[in-house]
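One file, final-v9.pdb, carrying PDB, C-alpha atoms and all ligand atoms:
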ATOM      1  CA  MET A  23       0.000   0.000   0.000  1.00  0.00           C
ATOM      2  CA  ASN A  24       1.484   3.348  -0.968  1.00  0.00           C
ATOM      3  CA  GLN A  25       0.998   6.590   0.918  1.00  0.00           C
ATOM      4  CA  SER A  26      -1.825   7.890  -1.262  1.00  0.00           C
ATOM      5  CA  GLN A  27      -3.727   4.587  -0.929  1.00  0.00           C
ATOM      6  CA  ILE A  28      -3.280   4.791   2.836  1.00  0.00           C
ATOM      7  CA  ASP A  29      -4.453   8.420   2.896  1.00  0.00           C
ATOM      8  CA  SER A  30      -7.537   7.638   0.847  1.00  0.00           C
ATOM      9  CA  LYS A  31      -8.459   4.678   3.084  1.00  0.00           C
ATOM     10  CA  LEU A  32      -7.971   6.829   6.180  1.00  0.00           C
ATOM     11  CA  ALA A  33     -10.227   9.534   4.712  1.00  0.00           C
ATOM     12  CA  LYS A  34     -12.942   6.883   4.207  1.00  0.00           C
ATOM     13  CA  ILE A  35     -12.549   5.580   7.758  1.00  0.00           C
ATOM     14  CA  LYS A  36     -12.725   9.133   9.108  1.00  0.00           C
ATOM     15  CA  SER A  37     -15.999   9.844   7.326  1.00  0.00           C
ATOM     16  CA  TRP A  38     -17.375   6.476   8.483  1.00  0.00           C
ATOM     17  CA  TYR A  39     -16.723   7.485  12.087  1.00  0.00           C
ATOM     18  CA  GLU A  40     -18.133  10.985  11.493  1.00  0.00           C
ATOM     19  CA  ILE A  41     -21.406   9.442  10.332  1.00  0.00           C
ATOM     20  CA  ASN A  42     -21.658   6.342  12.532  1.00  0.00           C
ATOM     21  CA  HIS A  43     -19.776   7.113  15.718  1.00  0.00           C
ATOM     22  CA  PRO A  44     -18.883  10.819  16.046  1.00  0.00           C
ATOM     23  CA  LEU A  45     -17.441  10.459  19.542  1.00  0.00           C
ATOM     24  CA  CYS A  46     -13.912  10.996  20.784  1.00  0.00           C
ATOM     25  CA  ILE A  47     -12.091   7.690  21.199  1.00  0.00           C
ATOM     26  CA  PHE A  48     -10.313   9.080  24.266  1.00  0.00           C
ATOM     27  CA  CYS A  49     -13.060  10.868  26.225  1.00  0.00           C
ATOM     28  CA  GLY A  50     -16.324   9.653  24.680  1.00  0.00           C
ATOM     29  CA  HIS A  51     -17.739  13.117  24.042  1.00  0.00           C
ATOM     30  CA  ARG A  52     -19.029  14.344  20.707  1.00  0.00           C
ATOM     31  CA  VAL A  53     -16.408  15.503  18.245  1.00  0.00           C
ATOM     32  CA  GLY A  54     -17.082  18.532  16.059  1.00  0.00           C
ATOM     33  CA  LYS A  55     -15.595  19.764  12.810  1.00  0.00           C
ATOM     34  CA  ASP A  56     -12.117  19.987  14.312  1.00  0.00           C
ATOM     35  CA  GLY A  57     -12.127  16.235  15.040  1.00  0.00           C
ATOM     36  CA  GLN A  58      -8.992  14.349  14.030  1.00  0.00           C
ATOM     37  CA  LEU A  59      -8.521  10.699  13.127  1.00  0.00           C
ATOM     38  CA  ALA A  60      -6.283   9.254  15.840  1.00  0.00           C
ATOM     39  CA  HIS A  61      -4.305   6.000  15.833  1.00  0.00           C
ATOM     40  CA  LEU A  62      -3.954   3.865  18.950  1.00  0.00           C
ATOM     41  CA  VAL A  63      -0.987   1.744  17.892  1.00  0.00           C
ATOM     42  CA  ARG A  64       1.316   4.508  16.700  1.00  0.00           C
ATOM     43  CA  ARG A  65       1.723   4.877  12.953  1.00  0.00           C
ATOM     44  CA  SER A  66       5.484   4.966  13.313  1.00  0.00           C
ATOM     45  CA  GLU A  67       5.445   1.586  15.096  1.00  0.00           C
ATOM     46  CA  THR A  68       3.429  -0.397  12.636  1.00  0.00           C
ATOM     47  CA  ARG A  69       2.868  -1.561   9.073  1.00  0.00           C
ATOM     48  CA  SER A  70       0.434  -0.010   6.638  1.00  0.00           C
ATOM     49  CA  GLU A  71      -2.287  -2.640   7.219  1.00  0.00           C
ATOM     50  CA  MET A  72      -2.497  -1.618  10.869  1.00  0.00           C
ATOM     51  CA  GLN A  73      -2.625   2.076   9.916  1.00  0.00           C
ATOM     52  CA  VAL A  74      -5.837   1.465   7.986  1.00  0.00           C
ATOM     53  CA  ASN A  75      -7.388  -0.983  10.475  1.00  0.00           C
ATOM     54  CA  LYS A  76     -10.643   0.650  11.585  1.00  0.00           C
ATOM     55  CA  LEU A  77     -10.298  -0.654  15.128  1.00  0.00           C
ATOM     56  CA  ASN A  78      -6.911   1.058  15.404  1.00  0.00           C
ATOM     57  CA  THR A  79      -8.468   4.429  14.636  1.00  0.00           C
ATOM     58  CA  GLY A  80     -11.108   6.728  15.981  1.00  0.00           C
ATOM     59  CA  LEU A  81     -12.138  10.350  15.986  1.00  0.00           C
ATOM     60  CA  ALA A  82     -10.580  12.514  18.650  1.00  0.00           C
ATOM     61  CA  HIS A  83     -10.602  16.042  19.951  1.00  0.00           C
ATOM     62  CA  PRO A  84      -7.265  17.688  19.119  1.00  0.00           C
ATOM     63  CA  SER A  85      -6.599  18.200  22.857  1.00  0.00           C
ATOM     64  CA  CYS A  86      -7.345  14.547  23.778  1.00  0.00           C
ATOM     65  CA  HIS A  87      -5.246  13.350  20.833  1.00  0.00           C
ATOM     66  CA  GLU A  88      -2.329  15.492  22.003  1.00  0.00           C
ATOM     67  CA  ILE A  89      -2.546  14.054  25.541  1.00  0.00           C
ATOM     68  CA  PHE A  90      -2.598  10.464  24.262  1.00  0.00           C
ATOM     69  CA  ASP A  91       0.371  11.019  21.954  1.00  0.00           C
ATOM     70  CA  ASN A  92       2.586  13.083  24.235  1.00  0.00           C
ATOM     71  CA  ASP A  93       1.514  12.969  27.880  1.00  0.00           C
ATOM     72  CA  ARG A  94       1.962   9.581  29.521  1.00  0.00           C
ATOM     73  CA  ILE A  95       0.537  10.636  32.906  1.00  0.00           C
ATOM     74  CA  GLY A  96      -2.318  12.615  31.379  1.00  0.00           C
ATOM     75  CA  THR A  97      -3.283   9.551  29.361  1.00  0.00           C
ATOM     76  CA  ILE A  98      -4.266   7.722  32.579  1.00  0.00           C
ATOM     77  CA  PHE A  99      -6.948  10.356  33.178  1.00  0.00           C
ATOM     78  CA  LEU A 100      -8.530  10.120  29.745  1.00  0.00           C
ATOM     79  CA  PRO A 101     -12.023   8.721  30.478  1.00  0.00           C
ATOM     80  CA  ARG A 102     -11.626   5.866  27.977  1.00  0.00           C
ATOM     81  CA  PHE A 103      -8.114   4.886  29.066  1.00  0.00           C
ATOM     82  CA  TYR A 104      -9.096   1.248  29.725  1.00  0.00           C
ATOM     83  CA  GLU A 105     -10.994   0.875  26.459  1.00  0.00           C
ATOM     84  CA  VAL A 106      -8.079   2.347  24.541  1.00  0.00           C
ATOM     85  CA  MET A 107      -5.604   0.032  26.263  1.00  0.00           C
ATOM     86  CA  TYR A 108      -7.876  -2.961  25.671  1.00  0.00           C
ATOM     87  CA  ILE A 109      -8.144  -2.193  21.953  1.00  0.00           C
ATOM     88  CA  ILE A 110      -4.356  -1.934  21.778  1.00  0.00           C
ATOM     89  CA  TYR A 111      -4.139  -5.300  23.576  1.00  0.00           C
ATOM     90  CA  LEU A 112      -6.449  -6.857  20.962  1.00  0.00           C
ATOM     91  CA  LEU A 113      -4.609  -5.310  18.021  1.00  0.00           C
ATOM     92  CA  ASP A 114      -0.999  -5.899  18.961  1.00  0.00           C
ATOM     93  CA  PRO A 115      -0.224  -7.815  22.184  1.00  0.00           C
ATOM     94  CA  GLU A 116       3.531  -7.129  21.939  1.00  0.00           C
ATOM     95  CA  TYR A 117       3.052  -3.401  21.589  1.00  0.00           C
ATOM     96  CA  PHE A 118       0.556  -3.563  24.433  1.00  0.00           C
ATOM     97  CA  MET A 119       3.099  -5.301  26.693  1.00  0.00           C
ATOM     98  CA  ARG A 120       5.564  -2.526  26.029  1.00  0.00           C
ATOM     99  CA  ILE A 121       3.264   0.409  26.714  1.00  0.00           C
ATOM    100  CA  SER A 122       1.321  -1.201  29.575  1.00  0.00           C
ATOM    101  CA  SER A 123       4.603  -1.317  31.506  1.00  0.00           C
ATOM    102  CA  TYR A 124       4.357   2.507  31.712  1.00  0.00           C
ATOM    103  CA  TYR A 125       1.345   2.043  33.989  1.00  0.00           C
ATOM    104  CA  PRO A 126       2.291  -0.414  36.764  1.00  0.00           C
ATOM    105  CA  ASP A 127      -0.541   0.827  39.005  1.00  0.00           C
ATOM    106  CA  HIS A 128      -3.020  -0.555  36.489  1.00  0.00           C
ATOM    107  CA  ALA A 129      -1.402  -3.954  36.035  1.00  0.00           C
ATOM    108  CA  ASP A 130      -4.154  -5.777  37.955  1.00  0.00           C
ATOM    109  CA  LEU A 131      -6.751  -4.415  35.513  1.00  0.00           C
ATOM    110  CA  PHE A 132      -4.658  -5.200  32.452  1.00  0.00           C
ATOM    111  CA  ASP A 133      -4.191  -8.754  33.734  1.00  0.00           C
ATOM    112  CA  ARG A 134      -7.929  -9.265  33.328  1.00  0.00           C
ATOM    113  CA  PHE A 135      -8.011  -8.336  29.645  1.00  0.00           C
ATOM    114  CA  PRO A 136      -7.626 -11.966  28.436  1.00  0.00           C
ATOM    115  CA  ASP A 137     -10.845 -12.880  30.290  1.00  0.00           C
ATOM    116  CA  LEU A 138     -13.011 -10.123  28.831  1.00  0.00           C
ATOM    117  CA  PRO A 139     -15.778 -11.293  26.492  1.00  0.00           C
ATOM    118  CA  PHE A 140     -15.287  -8.560  23.857  1.00  0.00           C
ATOM    119  CA  LYS A 141     -12.938 -10.205  21.376  1.00  0.00           C
ATOM    120  CA  ASN A 142     -14.530  -9.683  17.970  1.00  0.00           C
ATOM    121  CA  ILE A 143     -15.019  -5.960  17.920  1.00  0.00           C
ATOM    122  CA  LYS A 144     -14.600  -4.002  14.683  1.00  0.00           C
ATOM    123  CA  HIS A 145     -14.635  -0.422  15.907  1.00  0.00           C
ATOM    124  CA  HIS A 146     -14.209   1.325  19.235  1.00  0.00           C
ATOM    125  CA  GLY A 147     -17.889   2.310  19.455  1.00  0.00           C
ATOM    126  CA  GLN A 148     -18.633  -1.259  20.538  1.00  0.00           C
ATOM    127  CA  LEU A 149     -16.728  -0.793  23.792  1.00  0.00           C
ATOM    128  CA  LEU A 150     -18.413   2.224  25.337  1.00  0.00           C
ATOM    129  CA  HIS A 151     -18.985   0.604  28.700  1.00  0.00           C
ATOM    130  CA  LEU A 152     -15.944  -1.558  29.195  1.00  0.00           C
ATOM    131  CA  GLY A 153     -14.360   0.739  31.803  1.00  0.00           C
ATOM    132  CA  GLN A 154     -17.414   0.439  34.026  1.00  0.00           C
ATOM    133  CA  TYR A 155     -17.495  -3.335  33.590  1.00  0.00           C
ATOM    134  CA  ILE A 156     -13.887  -3.678  34.683  1.00  0.00           C
ATOM    135  CA  LYS A 157     -14.217  -1.371  37.680  1.00  0.00           C
ATOM    136  CA  GLU A 158     -17.380  -3.047  38.993  1.00  0.00           C
ATOM    137  CA  SER A 159     -15.799  -6.480  38.987  1.00  0.00           C
ATOM    138  CA  ARG A 160     -12.407  -5.368  40.311  1.00  0.00           C
TER     139      ARG A 160
HETATM  140 ZN    ZN B 201     -11.954  13.933  23.646  1.00  0.00          ZN
END

Before we go any further, please render this structure as structure tokens.
Amino acid sequence: MNQSQIDSKLAKIKSWYEINHPLCIFCGHRVGKDGQLAHLVRRSETRSEMQVNKLNTGLAHPSCHEIFDNDRIGTIFLPRFYEVMYIIYLLDPEYFMRISSYYPDHADLFDRFPDLPFKNIKHHGQLLHLGQYIKESR
């Protein structure tokens, strides 16, 4: 896949989310015209197929996107932190192992990811309530 094929696929995914699930992948609130398409597994860390995997992307507020990309501590306080980490776990377990080690205080929650029933999800809108599920059964 060349760069222009990737860009055109990403533009299609972005408009799919704008129509079907116009919520920020990081905080869950509605995204407006300034919404960006964010990647969970970083683009620099992965092959082109993962860059255009719908589950690896979602709309985001520019401010939430900035926190996720550049602020490791701030990321913990993003309301959908667990959902985001769980999606990363599903997409790329090795990458997940690496970045989950940044958050040792959450290791007991991450250890439960293999037991969660949500394995065949296609986009992050299917996981709106995962954080609550995990906390209630902690
Ligand atoms: Zn947001």

Determine, using all atoms listed in the file, which residues of chain A have any atom at most 8 Å from an atom of ligand ZN 201 (chain B), and tabulate each with its shortest atom pair and distance in Å to one decimal place, rows ordered by chain and then rising number, as CSV.
residue,atom,partner,partner_atom,distance
A:Leu45,CA,B:ZN201,ZN,7.7
A:Cys46,CA,B:ZN201,ZN,4.5
A:Ile47,CA,B:ZN201,ZN,6.7
A:Phe48,CA,B:ZN201,ZN,5.2
A:Cys49,CA,B:ZN201,ZN,4.2
A:Gly50,CA,B:ZN201,ZN,6.2
A:His51,CA,B:ZN201,ZN,5.9
A:Arg52,CA,B:ZN201,ZN,7.7
A:Val53,CA,B:ZN201,ZN,7.2
A:Ala82,CA,B:ZN201,ZN,5.4
A:His83,CA,B:ZN201,ZN,4.5
A:Pro84,CA,B:ZN201,ZN,7.5
A:Ser85,CA,B:ZN201,ZN,6.9
A:Cys86,CA,B:ZN201,ZN,4.7
A:His87,CA,B:ZN201,ZN,7.3
A:Leu100,CA,B:ZN201,ZN,8.0

Practice task
Enter the distance from atom CA of A:Lys34 to atom CA of A:Leu113, in Å, rounded to one decimal.
Solution key: 20.2 Å

Problem - Residue among A:Ser37, A:Gln25, A:Gln148, A:Thr97 lying closest to A:Lys55, counting only C-alpha atoms - result: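 With only C-alpha atoms as the atom set, the closest residue is A:Ser37.
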
Problem - Residue nearest A:His43 - candidates A:Ala129, A:Val74, A:Leu149, A:Ile98, atoms counted: all atoms listed in the file - result: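 The answer is A:Leu149, which sits nearest to A:His43.
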
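Across the chains present, the PyMOL selection byres (((chain A and resi 62) around 10) and not hetatm) applied to this file returns Ile47, Phe48, Ala60, His61, Val63, Arg64, Arg65, Met72, Gln73, Leu77, Asn78, Thr79, Gly80, His87, Phe90, Asp91, Val106, Met107, Ile109, Ile110 and Leu113 of chain A.
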
Exercise for the section: Quick one: pull the distance between atom CA of A:Pro126 and atom CA of A:Ile143, Å, one decimal. Expected result: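 Computing the Euclidean distance for atom CA of A:Pro126 and atom CA of A:Ile143 yields 26.2 Å.
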
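Our summary of the geometry notes that atom CA of A:Tyr124 is positioned 7.8 Å from atom CA of A:Arg94.
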
Practice task
Evaluate the PyMOL selection byres (((chain A and resi 108) around 12) and not hetatm) and record the selected residues as a PyMOL selection string, following the chain and residue labels used in the document.
Solution key: chain A and resi 62-63+77-78+102-107+109-115+117-119+121-122+131-141+143+146+149-150+152-153+156

Practice task
Would you please work out which residue, of A:Glu67, A:Ile89, A:Ile95, A:Gly57, is nearest to A:Glu116 when using all atoms listed in the file?
Solution key: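 The closest residue to A:Glu116 is A:Glu67.
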